[in-house]
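Next up, structure.cif (mmCIF, C-alpha atoms and all ligand atoms):
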data_input
loop_
_atom_site.group_PDB
_atom_site.id
_atom_site.type_symbol
_atom_site.label_atom_id
_atom_site.label_comp_id
_atom_site.auth_asym_id
_atom_site.auth_seq_id
_atom_site.Cartn_x
_atom_site.Cartn_y
_atom_site.Cartn_z
ATOM 1 C CA MET A 1 -80.932 -49.172 32.392
ATOM 2 C CA GLN A 2 -81.942 -45.755 33.681
ATOM 3 C CA VAL A 3 -82.043 -43.540 30.594
ATOM 4 C CA ASN A 4 -81.770 -39.766 30.904
ATOM 5 C CA ASN A 5 -79.704 -38.763 27.909
ATOM 6 C CA VAL A 6 -80.394 -39.693 24.327
ATOM 7 C CA ASP A 7 -79.211 -37.936 21.158
ATOM 8 C CA LEU A 8 -79.801 -38.647 17.532
ATOM 9 C CA THR A 9 -76.104 -38.697 16.578
ATOM 10 C CA ILE A 10 -76.510 -39.191 12.855
ATOM 11 C CA SER A 11 -78.933 -40.213 10.146
ATOM 12 C CA ALA A 12 -76.529 -42.105 7.937
ATOM 13 C CA VAL A 13 -76.893 -43.119 4.312
ATOM 14 C CA GLU A 14 -73.452 -44.659 3.938
ATOM 15 C CA PRO A 15 -70.922 -46.477 6.145
ATOM 16 C CA LYS A 16 -68.413 -43.646 6.387
ATOM 17 C CA GLN A 17 -71.039 -41.672 8.310
ATOM 18 C CA TYR A 18 -71.530 -44.341 10.969
ATOM 19 C CA PRO A 19 -70.297 -43.279 14.418
ATOM 20 C CA ALA A 20 -66.590 -43.938 14.954
ATOM 21 C CA THR A 21 -67.215 -45.026 18.558
ATOM 22 C CA ASN A 22 -67.011 -48.572 19.841
ATOM 23 C CA TYR A 23 -70.301 -48.551 21.742
ATOM 24 C CA PRO A 24 -72.357 -51.693 21.253
ATOM 25 C CA GLU A 25 -75.239 -51.292 18.817
ATOM 26 C CA ILE A 26 -78.726 -52.779 18.820
ATOM 27 C CA ALA A 27 -80.613 -52.467 15.534
ATOM 28 C CA LEU A 28 -84.393 -52.270 15.251
ATOM 29 C CA VAL A 29 -86.114 -53.615 12.149
ATOM 30 C CA GLY A 30 -89.716 -54.073 11.115
ATOM 31 C CA ARG A 31 -92.382 -53.206 8.599
ATOM 32 C CA SER A 32 -93.396 -49.562 8.398
ATOM 33 C CA ASN A 33 -96.056 -48.703 10.953
ATOM 34 C CA VAL A 34 -95.328 -51.757 13.115
ATOM 35 C CA GLY A 35 -94.638 -49.543 16.151
ATOM 36 C CA LYS A 36 -90.852 -49.151 16.000
ATOM 37 C CA SER A 37 -90.776 -45.465 16.974
ATOM 38 C CA SER A 38 -93.256 -46.141 19.762
ATOM 39 C CA LEU A 39 -91.104 -48.989 21.139
ATOM 40 C CA THR A 40 -87.981 -46.804 20.937
ATOM 41 C CA ASN A 41 -89.733 -44.002 22.810
ATOM 42 C CA VAL A 42 -90.832 -46.355 25.590
ATOM 43 C CA LEU A 43 -87.320 -47.819 25.897
ATOM 44 C CA ILE A 44 -85.747 -44.386 26.195
ATOM 45 C CA ASN A 45 -88.531 -42.946 28.308
ATOM 46 C CA ARG A 46 -89.598 -40.195 25.949
ATOM 47 C CA ARG A 47 -92.999 -39.316 24.727
ATOM 48 C CA ASN A 48 -92.089 -38.461 21.154
ATOM 49 C CA PHE A 49 -88.363 -38.539 20.612
ATOM 50 C CA ALA A 50 -88.216 -41.011 17.760
ATOM 51 C CA HIS A 51 -90.922 -39.570 15.554
ATOM 52 C CA THR A 52 -93.927 -41.784 15.258
ATOM 53 C CA SER A 53 -94.597 -41.941 11.587
ATOM 54 C CA SER A 54 -97.563 -40.362 9.916
ATOM 55 C CA GLN A 55 -95.940 -41.221 6.593
ATOM 56 C CA PRO A 56 -95.024 -44.884 6.640
ATOM 57 C CA GLY A 57 -91.762 -45.762 4.988
ATOM 58 C CA LYS A 58 -90.443 -42.225 5.081
ATOM 59 C CA THR A 59 -87.402 -42.917 7.247
ATOM 60 C CA GLN A 60 -84.847 -44.153 4.783
ATOM 61 C CA THR A 61 -81.678 -43.560 6.700
ATOM 62 C CA LEU A 62 -79.969 -45.547 9.440
ATOM 63 C CA ASN A 63 -80.644 -43.435 12.516
ATOM 64 C CA PHE A 64 -78.084 -43.842 15.309
ATOM 65 C CA TYR A 65 -79.446 -42.902 18.732
ATOM 66 C CA ASN A 66 -76.759 -42.516 21.363
ATOM 67 C CA VAL A 67 -78.164 -43.816 24.667
ATOM 68 C CA GLU A 68 -76.253 -42.602 27.716
ATOM 69 C CA ASP A 69 -72.908 -42.887 25.891
ATOM 70 C CA GLU A 70 -73.277 -46.628 26.467
ATOM 71 C CA LEU A 71 -74.937 -47.959 23.369
ATOM 72 C CA TYR A 72 -76.612 -47.015 20.137
ATOM 73 C CA PHE A 73 -80.082 -47.909 19.024
ATOM 74 C CA VAL A 74 -79.951 -48.094 15.258
ATOM 75 C CA ASP A 75 -83.283 -47.489 13.617
ATOM 76 C CA VAL A 76 -83.306 -49.336 10.298
ATOM 77 C CA PRO A 77 -85.698 -48.186 7.522
ATOM 78 C CA GLY A 78 -89.014 -50.042 7.510
ATOM 79 C CA TYR A 79 -89.292 -52.827 4.951
ATOM 80 C CA GLY A 80 -92.262 -53.818 2.842
ATOM 81 C CA TYR A 81 -93.350 -50.378 1.778
ATOM 82 C CA ALA A 82 -94.668 -50.485 -1.769
ATOM 83 C CA LYS A 83 -94.612 -46.756 -2.536
ATOM 84 C CA VAL A 84 -90.836 -46.589 -2.478
ATOM 85 C CA SER A 85 -89.488 -47.216 -5.995
ATOM 86 C CA LYS A 86 -87.784 -50.504 -6.808
ATOM 87 C CA LYS A 87 -84.481 -48.707 -7.328
ATOM 88 C CA GLU A 88 -84.733 -47.025 -3.938
ATOM 89 C CA ARG A 89 -85.670 -50.312 -2.295
ATOM 90 C CA GLU A 90 -82.590 -51.942 -3.790
ATOM 91 C CA ARG A 91 -80.352 -49.114 -2.610
ATOM 92 C CA PHE A 92 -81.688 -49.277 0.945
ATOM 93 C CA GLY A 93 -81.692 -53.056 0.907
ATOM 94 C CA LYS A 94 -78.003 -52.957 0.100
ATOM 95 C CA MET A 95 -77.277 -50.407 2.796
ATOM 96 C CA ILE A 96 -79.157 -52.424 5.430
ATOM 97 C CA GLU A 97 -77.534 -55.680 4.362
ATOM 98 C CA GLU A 98 -74.087 -54.152 4.499
ATOM 99 C CA TYR A 99 -74.714 -52.682 7.944
ATOM 100 C CA LEU A 100 -76.179 -55.872 9.420
ATOM 101 C CA THR A 101 -73.546 -58.224 8.008
ATOM 102 C CA THR A 102 -70.365 -56.186 8.495
ATOM 103 C CA ARG A 103 -70.814 -53.877 11.475
ATOM 104 C CA GLN A 104 -68.478 -55.042 14.266
ATOM 105 C CA GLN A 105 -70.343 -53.078 16.958
ATOM 106 C CA LEU A 106 -73.679 -54.767 16.220
ATOM 107 C CA ARG A 107 -74.688 -56.983 19.159
ATOM 108 C CA GLY A 108 -78.175 -57.924 18.124
ATOM 109 C CA VAL A 109 -81.329 -57.090 16.225
ATOM 110 C CA ILE A 110 -84.811 -56.458 17.558
ATOM 111 C CA GLN A 111 -87.323 -57.437 14.882
ATOM 112 C CA LEU A 112 -90.833 -56.121 15.420
ATOM 113 C CA VAL A 113 -93.902 -57.888 14.090
ATOM 114 C CA ASP A 114 -97.481 -56.662 14.454
ATOM 115 C CA GLY A 115 -99.030 -58.719 17.251
ATOM 116 C CA ARG A 116 -102.521 -58.200 15.848
ATOM 117 C CA HIS A 117 -101.878 -60.201 12.682
ATOM 118 C CA LYS A 118 -99.912 -63.219 11.584
ATOM 119 C CA PRO A 119 -96.384 -62.297 10.456
ATOM 120 C CA THR A 120 -96.276 -61.352 6.769
ATOM 121 C CA ALA A 121 -94.105 -62.857 4.035
ATOM 122 C CA ASP A 122 -91.759 -59.857 4.440
ATOM 123 C CA ASP A 123 -91.491 -60.568 8.175
ATOM 124 C CA VAL A 124 -90.624 -64.187 7.435
ATOM 125 C CA SER A 125 -87.946 -63.235 4.873
ATOM 126 C CA MET A 126 -86.405 -60.739 7.268
ATOM 127 C CA TYR A 127 -86.271 -63.228 10.125
ATOM 128 C CA GLN A 128 -84.944 -66.068 7.986
ATOM 129 C CA TRP A 129 -82.268 -63.730 6.692
ATOM 130 C CA LEU A 130 -81.198 -62.790 10.252
ATOM 131 C CA ALA A 131 -81.192 -66.466 11.245
ATOM 132 C CA TYR A 132 -79.107 -67.377 8.180
ATOM 133 C CA TYR A 133 -76.453 -64.841 9.210
ATOM 134 C CA ASP A 134 -76.724 -66.079 12.803
ATOM 135 C CA ILE A 135 -77.432 -62.576 14.105
ATOM 136 C CA PRO A 136 -78.791 -62.673 17.672
ATOM 137 C CA THR A 137 -82.429 -61.666 17.376
ATOM 138 C CA LEU A 138 -85.283 -60.705 19.668
ATOM 139 C CA ILE A 139 -88.764 -60.819 18.183
ATOM 140 C CA VAL A 140 -91.165 -58.258 19.626
ATOM 141 C CA GLY A 141 -94.884 -58.692 18.946
ATOM 142 C CA THR A 142 -96.258 -55.132 19.067
ATOM 143 C CA LYS A 143 -99.659 -53.519 19.879
ATOM 144 C CA ILE A 144 -100.541 -56.412 22.142
ATOM 145 C CA ASP A 145 -103.032 -54.229 24.050
ATOM 146 C CA LYS A 146 -105.229 -54.701 20.961
ATOM 147 C CA VAL A 147 -105.284 -58.466 21.514
ATOM 148 C CA LYS A 148 -107.530 -59.997 24.172
ATOM 149 C CA PRO A 149 -105.526 -61.584 27.012
ATOM 150 C CA ASN A 150 -106.897 -65.050 26.262
ATOM 151 C CA ALA A 151 -105.716 -64.803 22.634
ATOM 152 C CA ARG A 152 -102.136 -63.844 23.446
ATOM 153 C CA ASN A 153 -100.832 -67.406 23.629
ATOM 154 C CA ARG A 154 -102.185 -68.015 20.162
ATOM 155 C CA VAL A 155 -100.363 -64.872 18.969
ATOM 156 C CA LYS A 156 -97.127 -66.250 20.401
ATOM 157 C CA ASN A 157 -97.647 -69.625 18.754
ATOM 158 C CA ASP A 158 -98.496 -68.021 15.404
ATOM 159 C CA ILE A 159 -95.284 -66.006 15.527
ATOM 160 C CA ILE A 160 -93.180 -69.035 16.527
ATOM 161 C CA LYS A 161 -94.691 -71.193 13.784
ATOM 162 C CA THR A 162 -94.856 -68.666 10.963
ATOM 163 C CA LEU A 163 -91.358 -67.285 11.410
ATOM 164 C CA GLU A 164 -90.016 -70.756 12.308
ATOM 165 C CA LEU A 165 -88.241 -69.308 15.337
ATOM 166 C CA THR A 166 -85.056 -71.076 16.338
ATOM 167 C CA SER A 167 -84.420 -71.935 19.988
ATOM 168 C CA LYS A 168 -81.857 -69.113 20.126
ATOM 169 C CA THR A 169 -84.461 -66.433 19.412
ATOM 170 C CA SER A 170 -86.435 -64.853 22.264
ATOM 171 C CA LEU A 171 -89.961 -63.519 21.887
ATOM 172 C CA VAL A 172 -91.636 -60.727 23.854
ATOM 173 C CA LEU A 173 -95.168 -59.406 23.517
ATOM 174 C CA PHE A 174 -95.178 -55.635 23.833
ATOM 175 C CA SER A 175 -97.521 -52.699 24.210
ATOM 176 C CA ALA A 176 -96.295 -49.120 23.941
ATOM 177 C CA VAL A 177 -99.695 -47.963 25.213
ATOM 178 C CA LYS A 178 -99.590 -50.109 28.369
ATOM 179 C CA LYS A 179 -95.789 -50.110 28.563
ATOM 180 C CA GLN A 180 -96.000 -53.876 28.755
ATOM 181 C CA GLY A 181 -92.886 -55.906 28.012
ATOM 182 C CA GLN A 182 -90.345 -53.108 28.322
ATOM 183 C CA ASP A 183 -88.397 -54.781 31.152
ATOM 184 C CA GLN A 184 -88.103 -57.989 29.142
ATOM 185 C CA VAL A 185 -86.835 -56.049 26.129
ATOM 186 C CA TRP A 186 -84.295 -54.182 28.278
ATOM 187 C CA ASN A 187 -83.154 -57.443 29.883
ATOM 188 C CA TRP A 188 -82.441 -58.895 26.467
ATOM 189 C CA ILE A 189 -80.566 -55.740 25.405
ATOM 190 C CA GLU A 190 -78.493 -55.687 28.574
ATOM 191 C CA GLN A 191 -77.588 -59.317 28.089
ATOM 192 C CA ARG A 192 -76.539 -58.635 24.514
ATOM 193 C CA ILE A 193 -74.384 -55.629 25.397
ATOM 194 C CA GLY A 194 -72.821 -57.522 28.299
ATOM 195 C CA GLU A 195 -73.944 -55.566 31.311
HETATM 196 P P1 LIG B 201 -93.243 -47.131 13.009
HETATM 197 O O1 LIG B 201 -93.613 -46.681 11.634
HETATM 198 O O2 LIG B 201 -92.859 -48.572 13.024
HETATM 199 O O3 LIG B 201 -92.231 -46.261 13.695
HETATM 200 O O4 LIG B 201 -94.589 -47.106 13.877
HETATM 201 P P2 LIG B 201 -95.112 -46.049 14.967
HETATM 202 O O5 LIG B 201 -94.406 -46.209 16.261
HETATM 203 O O6 LIG B 201 -95.114 -44.709 14.333
HETATM 204 O O7 LIG B 201 -96.617 -46.586 15.178
HETATM 205 C C1 LIG B 201 -97.529 -46.694 14.107
HETATM 206 C C2 LIG B 201 -98.950 -46.549 14.638
HETATM 207 O O8 LIG B 201 -99.240 -47.606 15.550
HETATM 208 C C3 LIG B 201 -99.158 -45.254 15.413
HETATM 209 O O9 LIG B 201 -100.453 -44.788 15.136
HETATM 210 C C4 LIG B 201 -99.035 -45.685 16.866
HETATM 211 O O10 LIG B 201 -99.779 -44.866 17.744
HETATM 212 C C5 LIG B 201 -99.605 -47.088 16.823
HETATM 213 N N1 LIG B 201 -99.009 -47.948 17.880
HETATM 214 C C6 LIG B 201 -97.693 -48.160 18.094
HETATM 215 N N2 LIG B 201 -97.492 -48.976 19.152
HETATM 216 C C7 LIG B 201 -98.717 -49.269 19.644
HETATM 217 C C8 LIG B 201 -99.179 -50.070 20.758
HETATM 218 O O11 LIG B 201 -98.425 -50.685 21.515
HETATM 219 N N3 LIG B 201 -100.532 -50.157 20.913
HETATM 220 C C9 LIG B 201 -101.400 -49.519 20.098
HETATM 221 N N4 LIG B 201 -102.708 -49.678 20.351
HETATM 222 N N5 LIG B 201 -101.009 -48.753 19.059
HETATM 223 C C10 LIG B 201 -99.681 -48.622 18.828
#

Is it possible to give me this structure as structure tokens?
Amino acid sequence: MQVNNVDLTISAVEPKQYPATNYPEIALVGRSNVGKSSLTNVLINRRNFAHTSSQPGKTQTLNFYNVEDELYFVDVPGYGYAKVSKKERERFGKMIEEYLTTRQQLRGVIQLVDGRHKPTADDVSMYQWLAYYDIPTLIVGTKIDKVKPNARNRVKNDIIKTLELTSKTSLVLFSAVKKQGQDQVWNWIEQRIGE
């Protein structure tokens, strides 16, 4: 998709604020600092539209980015951030769960995992949760420019094994720095939104 126009429509904290449109939605989830803003910026062709985070875990709203009046990217708050209080975590957990399990417009979820390390226990829980609800999922291994080319197959295998990927889930290795993998991510999105 050629992207020229993107707006942050709303940072929502509750369902009644979600956009009333019927555009398909693709949600992005991942641990804080995994590279979610960087991936979003590459996908929409902007240098710093989705703010890359200096304060991990700060984004605690569902951010709906209108892309070309054709779809929304929905930036979901990063999980696994210890400094947020337990009460806050529960509140956001509930909001995320409600969005992901009830939103009719949701076509799929992109879950990011840090390609430099094995997926964490939080990554595994998140993925298993998405698989349990049978939500179409793309796993993106980020920061792959930091991994030597001859180690990238091992990274893939580690992700497949640790998350216990089902055959329905696709996996793409990605680098925001090298812009590697963006076509594969777009292909998956376009398939999901039925273009
Ligand atoms: P977010 O918290 O998930 O939105 O993560 P950000 O997109 O803000 O990225 C967190 C940090 O990782 C920043 O310092 C980015 O510059 C860095 N980063 C993100 N993507 C890449 C990548 O593909 N390669 C490298 N080398 N660094 C990256």

Problem set entry | Close residues to ligand LIG 201 (chain B) using all atoms listed in the file, limit 6 Å, as a ChimeraX atom specification | /A:32-38,52-53,56,142-143,145-146,175-177

With the file shown as input, list the residues that the PyMOL selection byres (((chain A and resi 65-80) around 6) and not hetatm) selects, as a PDB file with C-alpha atoms, in the frame of the given file.
ATOM      1  CA  ASN A   5     -79.704 -38.763  27.909  1.00  0.00           C
ATOM      2  CA  VAL A   6     -80.394 -39.693  24.327  1.00  0.00           C
ATOM      3  CA  ASP A   7     -79.211 -37.936  21.158  1.00  0.00           C
ATOM      4  CA  LEU A   8     -79.801 -38.647  17.532  1.00  0.00           C
ATOM      5  CA  THR A   9     -76.104 -38.697  16.578  1.00  0.00           C
ATOM      6  CA  TYR A  23     -70.301 -48.551  21.742  1.00  0.00           C
ATOM      7  CA  PRO A  24     -72.357 -51.693  21.253  1.00  0.00           C
ATOM      8  CA  GLU A  25     -75.239 -51.292  18.817  1.00  0.00           C
ATOM      9  CA  ILE A  26     -78.726 -52.779  18.820  1.00  0.00           C
ATOM     10  CA  ALA A  27     -80.613 -52.467  15.534  1.00  0.00           C
ATOM     11  CA  LEU A  28     -84.393 -52.270  15.251  1.00  0.00           C
ATOM     12  CA  VAL A  29     -86.114 -53.615  12.149  1.00  0.00           C
ATOM     13  CA  GLY A  30     -89.716 -54.073  11.115  1.00  0.00           C
ATOM     14  CA  ARG A  31     -92.382 -53.206   8.599  1.00  0.00           C
ATOM     15  CA  SER A  32     -93.396 -49.562   8.398  1.00  0.00           C
ATOM     16  CA  GLY A  57     -91.762 -45.762   4.988  1.00  0.00           C
ATOM     17  CA  THR A  59     -87.402 -42.917   7.247  1.00  0.00           C
ATOM     18  CA  GLN A  60     -84.847 -44.153   4.783  1.00  0.00           C
ATOM     19  CA  LEU A  62     -79.969 -45.547   9.440  1.00  0.00           C
ATOM     20  CA  ASN A  63     -80.644 -43.435  12.516  1.00  0.00           C
ATOM     21  CA  PHE A  64     -78.084 -43.842  15.309  1.00  0.00           C
ATOM     22  CA  TYR A  81     -93.350 -50.378   1.778  1.00  0.00           C
TER      23      TYR A  81
END

Compile the contact shell of Ile193 (chain A) as a PDB file with C-alpha atoms, in the frame of the given file: residues with an atom at most 7 Å away, counting all atoms listed in the file, same-chain residues fewer than 3 positions apart removed.
ATOM      1  CA  PRO A  24     -72.357 -51.693  21.253  1.00  0.00           C
ATOM      2  CA  ARG A 107     -74.688 -56.983  19.159  1.00  0.00           C
ATOM      3  CA  ILE A 189     -80.566 -55.740  25.405  1.00  0.00           C
ATOM      4  CA  GLU A 190     -78.493 -55.687  28.574  1.00  0.00           C
TER       5      GLU A 190
END

For this session: Write out as a ChimeraX atom specification each polymer residue whose atoms come within 12 Å of Gln180 (chain A), counting only C-alpha atoms; drop sequence neighbours fewer than 2 positions from it.
Result: /A:39,42-43,140-145,172-178,182-186

For this structure, which residues satisfy the selection - the PyMOL selection byres (((chain A and resi 134) around 12) and not hetatm) - when it is evaluated on the file as given? I want them as a compact mmCIF listing (two decimals) with C-alpha atoms, keeping the file's coordinate frame.
# COMPACT_ATOMS: atom_id res chain seq x y z
CA LEU A 100 -76.18 -55.87 9.42
CA THR A 101 -73.55 -58.22 8.01
CA ARG A 107 -74.69 -56.98 19.16
CA GLY A 108 -78.18 -57.92 18.12
CA VAL A 109 -81.33 -57.09 16.23
CA TYR A 127 -86.27 -63.23 10.12
CA GLN A 128 -84.94 -66.07 7.99
CA TRP A 129 -82.27 -63.73 6.69
CA LEU A 130 -81.20 -62.79 10.25
CA ALA A 131 -81.19 -66.47 11.24
CA TYR A 132 -79.11 -67.38 8.18
CA TYR A 133 -76.45 -64.84 9.21
CA ILE A 135 -77.43 -62.58 14.10
CA PRO A 136 -78.79 -62.67 17.67
CA THR A 137 -82.43 -61.67 17.38
CA THR A 166 -85.06 -71.08 16.34
CA LYS A 168 -81.86 -69.11 20.13
CA THR A 169 -84.46 -66.43 19.41

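Note that the spacing between CA of Asn187 (chain A) and CA of Asn22 (chain A) amounts to 21.0 Å.
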
For this session: Measure the distance from CA of Arg116 (chain A) to CA of Asn157 (chain A) in Å and round it to one decimal.
Result: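 Atom-to-atom, CA of Arg116 (chain A) to CA of Asn157 (chain A), that is 12.8 Å.
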
For this session: Determine, counting only C-alpha atoms, which protein, DNA and RNA residues have an atom within 10 Å of an atom of Glu14 (chain A); residues of the same chain fewer than 6 positions away are not included. Present the result as a list of chain:residue names.
Result: A:Thr61, A:Leu62, A:Phe92, A:Met95, A:Ile96, A:Glu98, A:Tyr99

For this session: Find, counting only C-alpha atoms, the residue in A:Thr120, A:Arg103, A:Lys179, A:Pro149 that gets nearest to Ala20 (chain A).
Result: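 Looking only at the distances to Ala20 (chain A), the closest residue turns out to be A:Arg103.
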
For this session: Kindly give the distance, in Å, that separates CA of Lys86 (chain A) and CA of Ile10 (chain A), rounded to a single decimal.
Result: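 Separation of CA of Lys86 (chain A) and CA of Ile10 (chain A): 25.3 Å.
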
Problem set entry | Within 12 Å of Pro119 (chain A) using all atoms listed in the file, minus same-chain residues under 3 positions, as a ChimeraX atom specification | /A:30-31,34,111-116,122-127,139-142,155-165

Quick one: what's the axis-aligned box for region 109-121 of chain A, all listed atoms, 3 Å on every side, centre and edges in Å to one decimal, as lines of an AutoDock Vina configuration file?
center_x = -91.9
center_y = -59.7
center_z = 10.8
size_x = 27.2
size_y = 13.1
size_z = 19.5
